[in-house]
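Colleague: Just input-v9.tsv, nothing more (TSV, C-alpha atoms):
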```tsv
chain	number	residue	atom	x	y	z
A	1	MET	CA	-17.82	-14.13	-8.78
A	2	ASN	CA	-19.53	-13.57	-5.44
A	3	GLU	CA	-18.41	-16.99	-4.19
A	4	TRP	CA	-14.83	-16.25	-5.25
A	5	PHE	CA	-14.88	-12.91	-3.43
A	6	VAL	CA	-16.27	-14.46	-0.26
A	7	ALA	CA	-13.79	-17.34	-0.31
A	8	THR	CA	-10.77	-15.19	-1.18
A	9	PHE	CA	-11.31	-12.07	0.90
A	10	VAL	CA	-14.23	-12.38	3.33
A	11	ALA	CA	-13.46	-15.85	4.66
A	12	THR	CA	-9.76	-15.02	5.02
A	13	GLY	CA	-10.37	-11.64	6.71
A	14	ARG	CA	-8.65	-9.70	3.91
A	15	VAL	CA	-11.47	-7.26	3.10
A	16	PRO	CA	-9.83	-4.36	5.04
A	17	LEU	CA	-6.52	-5.11	3.30
A	18	LEU	CA	-8.29	-5.13	-0.08
A	19	CYS	CA	-9.87	-1.76	0.74
A	20	PHE	CA	-6.49	-0.37	1.83
A	21	PHE	CA	-4.93	-1.66	-1.42
A	22	THR	CA	-7.73	-0.16	-3.52
A	23	GLY	CA	-7.58	3.14	-1.64
A	24	MET	CA	-3.83	3.38	-2.19
A	25	ILE	CA	-4.14	2.78	-5.95
A	26	VAL	CA	-7.07	5.18	-6.33
A	27	GLY	CA	-5.33	7.83	-4.22
A	28	PHE	CA	-2.10	7.56	-6.20
A	29	GLY	CA	-3.94	7.61	-9.54
A	30	PHE	CA	-5.97	10.67	-8.57
A	31	ILE	CA	-3.09	12.72	-7.19
A	32	ARG	CA	-0.84	11.95	-10.14
A	33	LEU	CA	-3.63	12.98	-12.52
A	34	SER	CA	-4.07	16.16	-10.48
A	35	VAL	CA	-0.41	17.17	-10.44
A	36	ARG	CA	-0.04	16.44	-14.14
A	37	LEU	CA	-3.02	18.66	-14.94
A	38	ILE	CA	-1.57	21.37	-12.70
A	39	ARG	CA	1.81	21.06	-14.39
A	40	ALA	CA	0.12	21.33	-17.81
A	41	GLU	CA	-1.65	24.48	-16.56
A	42	VAL	CA	-5.09	23.18	-17.49
A	43	ARG	CA	-7.43	26.08	-16.77
A	44	TRP	CA	-10.49	24.16	-15.58
A	45	TRP	CA	-8.54	22.19	-12.93
A	46	PRO	CA	-8.48	23.81	-9.45
A	47	GLY	CA	-4.69	23.82	-9.17
A	48	ASN	CA	-2.47	24.04	-6.09
A	49	ILE	CA	-3.90	24.98	-2.70
A	50	THR	CA	-2.06	28.16	-1.68
A	51	PRO	CA	-3.92	30.09	1.05
A	52	GLY	CA	-2.06	33.30	1.81
A	53	GLY	CA	0.67	32.26	-0.62
A	54	LEU	CA	1.52	29.12	1.38
A	55	HIS	CA	1.70	26.03	-0.84
A	56	ILE	CA	0.06	23.18	1.05
A	57	HIS	CA	1.51	19.94	-0.32
A	58	HIS	CA	-0.72	16.89	-0.57
A	59	VAL	CA	1.47	15.06	1.94
A	60	VAL	CA	-0.28	17.21	4.57
A	61	PHE	CA	-3.67	15.82	3.59
A	62	GLY	CA	-2.14	12.36	3.47
A	63	VAL	CA	-0.95	12.63	7.07
A	64	VAL	CA	-4.42	13.77	8.18
A	65	PHE	CA	-6.11	10.90	6.32
A	66	MET	CA	-3.68	8.39	7.81
A	67	LEU	CA	-4.24	9.71	11.34
A	68	VAL	CA	-8.01	9.68	10.99
A	69	GLY	CA	-8.04	6.26	9.32
A	70	GLY	CA	-5.51	4.77	11.72
A	71	VAL	CA	-7.19	5.99	14.91
A	72	ALA	CA	-10.64	5.07	13.58
A	73	GLY	CA	-9.32	1.62	12.77
A	74	LEU	CA	-8.39	1.20	16.43
A	75	VAL	CA	-11.79	2.43	17.59
A	76	VAL	CA	-14.13	0.62	15.18
A	77	PRO	CA	-15.04	-2.80	16.65
A	78	ASP	CA	-14.45	-6.04	14.75
A	79	GLY	CA	-18.20	-6.50	14.42
A	80	GLU	CA	-18.47	-3.52	12.04
A	81	PRO	CA	-16.96	-4.82	8.79
A	82	VAL	CA	-18.31	-2.00	6.62
A	83	TRP	CA	-16.77	0.74	8.76
A	84	ARG	CA	-13.51	-1.18	9.06
A	85	ALA	CA	-13.39	-1.35	5.28
A	86	VAL	CA	-14.08	2.40	5.02
A	87	VAL	CA	-11.32	3.42	7.43
A	88	ALA	CA	-8.90	0.99	5.76
A	89	ALA	CA	-9.62	2.63	2.40
A	90	LEU	CA	-9.09	6.08	3.96
A	91	PHE	CA	-5.77	4.93	5.40
A	92	GLY	CA	-4.80	3.65	1.93
A	93	VAL	CA	-5.59	6.99	0.30
A	94	GLY	CA	-3.56	8.81	2.97
A	95	SER	CA	-0.65	6.42	2.50
A	96	ALA	CA	-0.62	7.10	-1.25
A	97	LEU	CA	-0.57	10.87	-0.71
A	98	VAL	CA	2.30	10.61	1.78
A	99	LEU	CA	4.38	8.18	-0.27
A	100	ASP	CA	3.84	10.26	-3.40
A	101	GLU	CA	5.85	13.00	-1.70
A	102	PHE	CA	8.34	10.67	-0.07
A	103	ALA	CA	11.17	12.46	-1.91
A	104	LEU	CA	10.14	15.76	-0.32
A	105	ILE	CA	10.27	14.16	3.14
A	106	LEU	CA	13.60	12.49	2.37
A	107	HIS	CA	15.36	15.56	0.96
A	108	LEU	CA	13.40	18.22	2.90
A	109	SER	CA	13.10	20.01	-0.41
A	110	ASP	CA	10.49	20.22	-3.17
A	111	VAL	CA	12.11	17.87	-5.70
A	112	TYR	CA	8.79	16.49	-6.96
A	113	TRP	CA	9.45	16.84	-10.69
A	114	SER	CA	13.23	16.51	-10.53
A	115	GLU	CA	15.07	13.26	-11.06
A	116	LYS	CA	15.34	12.87	-7.28
A	117	GLY	CA	11.56	12.83	-7.21
A	118	ARG	CA	11.55	9.38	-8.82
A	119	VAL	CA	12.10	7.89	-5.37
A	120	SER	CA	8.51	8.83	-4.53
A	121	VAL	CA	7.18	6.74	-7.42
A	122	ASP	CA	9.49	3.90	-6.39
A	123	ALA	CA	8.12	4.08	-2.84
A	124	VAL	CA	4.52	3.88	-4.06
A	125	PHE	CA	5.30	0.99	-6.41
A	126	VAL	CA	7.04	-0.93	-3.62
A	127	ALA	CA	4.11	-0.34	-1.24
A	128	ILE	CA	1.61	-1.52	-3.86
A	129	ALA	CA	3.71	-4.59	-4.67
A	130	LEU	CA	4.13	-5.64	-1.03
A	131	THR	CA	0.46	-5.05	-0.23
A	132	GLY	CA	-0.52	-6.98	-3.34
A	133	LEU	CA	1.58	-9.96	-2.22
A	134	MET	CA	-0.12	-9.97	1.18
A	135	LEU	CA	-3.49	-9.67	-0.53
A	136	LEU	CA	-2.67	-12.78	-2.58
A	137	GLY	CA	-1.94	-14.68	0.61
A	138	PHE	CA	1.84	-14.38	0.77
A	139	ARG	CA	3.32	-13.90	4.22
A	140	PRO	CA	6.87	-13.12	5.34
A	141	GLY	CA	8.93	-16.32	5.36
A	142	PRO	CA	9.59	-16.32	9.13
A	143	VAL	CA	5.87	-16.04	9.90
A	144	ASP	CA	5.07	-19.23	8.03
A	145	ASP	CA	8.11	-20.97	9.52
A	146	LEU	CA	7.06	-20.01	13.02
A	147	GLY	CA	3.64	-21.54	12.54
A	148	ALA	CA	5.07	-24.73	11.07
A	149	LEU	CA	8.01	-25.33	13.38
A	150	ALA	CA	7.08	-23.87	16.75
A	151	PRO	CA	5.14	-26.88	18.09
A	152	ALA	CA	8.01	-29.30	17.52
A	153	ASP	CA	10.93	-26.98	17.93
A	154	GLY	CA	13.22	-27.73	20.81
A	155	ASP	CA	16.62	-26.53	19.73
A	156	GLY	CA	16.11	-22.97	18.55
A	157	MET	CA	15.53	-23.87	14.90
A	158	VAL	CA	12.80	-21.23	14.60
A	159	THR	CA	15.15	-18.52	15.82
A	160	VAL	CA	17.83	-19.63	13.39
A	161	ILE	CA	15.42	-19.46	10.44
A	162	VAL	CA	14.12	-16.02	11.42
A	163	VAL	CA	17.60	-14.57	11.94
A	164	LEU	CA	18.91	-16.11	8.71
A	165	ASP	CA	15.98	-14.74	6.72
A	166	LEU	CA	16.49	-11.25	8.10
A	167	LEU	CA	20.25	-11.35	7.55
A	168	LEU	CA	19.82	-12.41	3.92
A	169	ALA	CA	17.32	-9.58	3.41
A	170	VAL	CA	19.74	-7.03	4.94
A	171	VAL	CA	22.65	-8.28	2.80
A	172	THR	CA	20.50	-8.09	-0.33
A	173	LEU	CA	19.48	-4.51	0.51
A	174	LEU	CA	23.09	-3.52	1.24
A	175	LYS	CA	24.00	-4.91	-2.18
A	176	GLY	CA	21.66	-2.34	-3.70
A	177	LYS	CA	18.90	-4.77	-4.68
A	178	ILE	CA	15.94	-3.00	-3.12
A	179	TRP	CA	13.14	-4.86	-4.87
A	180	ALA	CA	14.70	-8.27	-4.28
A	181	GLY	CA	15.41	-7.43	-0.62
A	182	LEU	CA	11.86	-6.33	0.15
A	183	ILE	CA	9.86	-8.80	-1.92
A	184	GLY	CA	12.28	-11.55	-0.93
A	185	VAL	CA	10.91	-11.37	2.61
A	186	PHE	CA	7.78	-12.93	1.11
A	187	ILE	CA	9.54	-15.04	-1.55
A	188	PRO	CA	12.76	-16.22	0.16
A	189	VAL	CA	14.44	-17.51	-3.01
A	190	LEU	CA	14.89	-13.88	-4.12
A	191	ILE	CA	16.95	-12.90	-1.08
A	192	VAL	CA	19.01	-16.08	-1.31
A	193	VAL	CA	19.93	-15.27	-4.91
A	194	GLY	CA	20.34	-11.56	-4.15
A	195	ALA	CA	22.64	-12.19	-1.20
A	196	VAL	CA	24.85	-14.63	-3.10
A	197	ARG	CA	25.29	-12.73	-6.36
A	198	LEU	CA	27.47	-9.66	-6.94
A	199	ALA	CA	26.40	-6.33	-5.50
A	200	ARG	CA	25.50	-3.34	-7.61
A	201	PRO	CA	28.66	-1.23	-8.16
A	202	HIS	CA	27.49	1.87	-6.26
A	203	SER	CA	25.91	0.04	-3.34
A	204	PRO	CA	27.25	0.18	0.24
A	205	TRP	CA	28.37	-3.46	-0.05
A	206	ALA	CA	30.46	-2.69	-3.15
A	207	ARG	CA	32.08	0.31	-1.46
A	208	TRP	CA	33.00	-1.80	1.58
A	209	ARG	CA	33.94	-5.09	-0.06
A	210	TYR	CA	35.06	-4.42	-3.64
A	211	ARG	CA	37.47	-1.56	-3.04
A	212	GLY	CA	40.52	-3.81	-3.24
A	213	SER	CA	39.07	-6.23	-5.78
A	214	GLY	CA	39.29	-4.84	-9.28
A	215	ARG	CA	37.90	-8.03	-10.82
A	216	LYS	CA	34.67	-8.01	-8.80
A	217	LEU	CA	34.10	-4.29	-9.31
A	218	THR	CA	34.74	-4.58	-13.06
A	219	LYS	CA	32.30	-7.45	-13.33
A	220	ALA	CA	29.71	-5.56	-11.27
A	221	LEU	CA	30.06	-2.50	-13.53
A	222	TRP	CA	29.68	-4.68	-16.63
A	223	ARG	CA	26.54	-6.31	-15.27
A	224	GLU	CA	25.11	-2.92	-14.31
A	225	ARG	CA	25.70	-1.52	-17.79
A	226	LYS	CA	24.68	-4.53	-19.88
A	227	LEU	CA	21.99	-6.19	-17.80
A	228	ARG	CA	20.49	-3.79	-15.28
A	229	GLU	CA	20.43	-0.47	-17.13
A	230	PRO	CA	18.03	-1.71	-19.85
A	231	VAL	CA	15.68	-2.95	-17.09
A	232	VAL	CA	15.95	0.39	-15.26
A	233	ARG	CA	15.16	2.28	-18.48
A	234	ALA	CA	12.08	0.12	-19.01
A	235	LYS	CA	11.01	0.73	-15.40
A	236	ILE	CA	11.43	4.49	-15.80
A	237	TRP	CA	9.43	4.41	-19.03
A	238	VAL	CA	6.54	2.70	-17.25
A	239	GLN	CA	6.77	5.05	-14.27
A	240	GLU	CA	6.76	8.16	-16.46
A	241	LEU	CA	3.85	6.80	-18.49
A	242	ILE	CA	1.85	6.59	-15.24
A	243	ALA	CA	3.29	9.39	-13.12
A	244	GLY	CA	4.65	11.94	-15.59
A	245	ARG	CA	8.14	12.84	-16.78
A	246	HIS	CA	10.77	13.90	-14.25
A	247	GLU	CA	13.40	16.39	-15.36
A	248	ARG	CA	16.93	15.04	-15.54
A	249	GLU	CA	19.45	17.01	-13.50
A	250	PRO	CA	22.29	18.66	-15.46
A	251	HIS	CA	25.69	16.99	-15.10
```
In C-alpha cells, write the structure found in this file.
Modeller:
Amino acid sequence: MNEWFVATFVATGRVPLLCFFTGMIVGFGFIRLSVRLIRAEVRWWPGNITPGGLHIHHVVFGVVFMLVGGVAGLVVPDGEPVWRAVVAALFGVGSALVLDEFALILHLSDVYWSEKGRVSVDAVFVAIALTGLMLLGFRPGPVDDLGALAPADGDGMVTVIVVLDLLLAVVTLLKGKIWAGLIGVFIPVLIVVGAVRLARPHSPWARWRYRGSGRKLTKALWRERKLREPVVRAKIWVQELIAGRHEREPH
C-alpha cells in the first residue's frame, strides 16, 4: 500500500492535489450534513451563525479559507511538502463551501433549498469529477498534444489541435451537454461525440439552429424525453440522497 501511494502520488507530485481533493469531499460532506441537521431542527446541533440577526452563509467562510489556503500555497516553499499538503486541503475545504452556495452567487438570492439550488450540487459534483480525473493522471487533451508534437512541429499542427479541441468543447457546451463538454477536455472522444450529435432542445444551440427545422427539434425533444430524462431523474435521486431534497417550484 505504501509503495502504491509513493508511486502514484508522491513520485508524480500529486500529494497536494490529493489533499485538495480530500479536503473538497470532506468539506462538502460536512457542510451538507450540517445544513440538513439545521433544516431538520435538530436541537443539539449549533445551527446557523446569526450574530445580530445577520445570517452569515458558509460561502463567507469558504472565501476566507480559499484566500488563506491560496496565499499560503504561494508562500510555502516547495521543500515543505507537509505544509503544502495542509494548505491544499484548506483550499479544498474552502472550495467546497463556496461551490455549495454557487446558486446563491449565481442568482444573488438564497435559493439553497429551492430547485434552483440544485446547480450548487452540480457545481460540486463537476469539480470533484474534474479533480478526480487529474488525480488519476488525466490531462487536458491539448496539454498532452503539446508535449508530443511540439519538438517536431513545423507547420502549426499544435495550434490546430488546441483550437479544434477548444472549439469542440465550446460547441458541446452550447448544445447543453455540460458534463460531456467539461470532462471531454480530458477525454476528447466525449466532445467529438457531443459536438456531432443533436443538441438538447432548450440549449442555446437549439434556439439558434433548430428554429426553422421542425424535424431536428422534434427529434431532440424525443431524445430528451425518452433518453435523457430518466438519466436526469437518477442523477437527482443520487444528489438528493447525498445533499438533501430540494423543493420543486410551483408551475
Colleague: Please identify every residue of stretch 112-135 of chain A that has at least one atom no farther than 10 Å from an atom of stretch 23-37 of chain A, counting only C-alpha atoms, and for each give the shortest atom pair and the distance in Å to one decimal, arranged by chain then increasing number, as a Markdown table.
Modeller:
```
| residue | atom | partner | partner_atom | distance |
| --- | --- | --- | --- | --- |
| A:Tyr112 | CA | A:Val35 | CA | 9.9 |
| A:Trp113 | CA | A:Val35 | CA | 9.9 |
| A:Val121 | CA | A:Phe28 | CA | 9.4 |
| A:Val124 | CA | A:Phe28 | CA | 7.9 |
| A:Phe125 | CA | A:Ile25 | CA | 9.6 |
| A:Ala127 | CA | A:Met24 | CA | 8.8 |
| A:Ile128 | CA | A:Ile25 | CA | 7.5 |
| A:Thr131 | CA | A:Met24 | CA | 9.7 |
```
Colleague: Skip A:Val193 itself and residues of its chain fewer than 3 positions away, then list as a list in words all residues within 12 Å of it, counting only C-alpha atoms.
Modeller: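 Skipping anything fewer than 3 positions along the chain leaves Leu168, Ala169, Val171, Thr172, Lys175, Lys177, Ala180, Gly181, Gly184, Ile187, Pro188, Val189, Leu190, Val196, Arg197, Leu198 and Ala199 of chain A.
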Colleague: Check the smallest atom-to-atom distance from each of A:Ala85, A:Leu221, A:Ile183, A:Leu99 to A:Gly132 using only C-alpha atoms, then report the winner.
Modeller: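 That would be A:Ile183, the residue with the smallest distance to A:Gly132.
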Colleague: Ranking A:Val60, A:Val111, A:Leu17, A:Leu97 by minimum distance to A:Gly73 and counting only C-alpha atoms, which one comes first?
Modeller: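 Counting only C-alpha atoms, the residue closest to A:Gly73 is A:Leu17.
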Colleague: What does the structure give for the distance between atom CA of A:Val86 and atom CA of A:Cys19, in Å to one decimal?
Modeller: 7.3 Å
Colleague: Show me, as lines of an AutoDock Vina configuration file, the centre and edge lengths in Å to one decimal of the axis-aligned box that covers every listed atom of stretch 196-202 of chain A with 8 Å on each side.
Modeller:
```
center_x = 26.8
center_y = -6.4
center_z = -5.6
size_x = 19.8
size_y = 32.5
size_z = 21.1
```
Colleague: In Å, rounded to a single decimal, give me how far atom CA of A:Ala72 is from atom CA of A:Thr50.
Modeller: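 Separation of atom CA of A:Thr50 and atom CA of A:Ala72: 29.0 Å.
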Colleague: For A:His246, which residue out of A:Asp165, A:Glu224, A:Glu101, A:Glu115 is the nearest one, using all atoms listed in the file?
Modeller: A:Glu115
Colleague: How many Å lie between atom CA of A:Leu106 and atom CA of A:Gly94, rounded to one decimal?
Modeller: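 Answer for the atom CA of A:Leu106 to atom CA of A:Gly94 separation: 17.6 Å.
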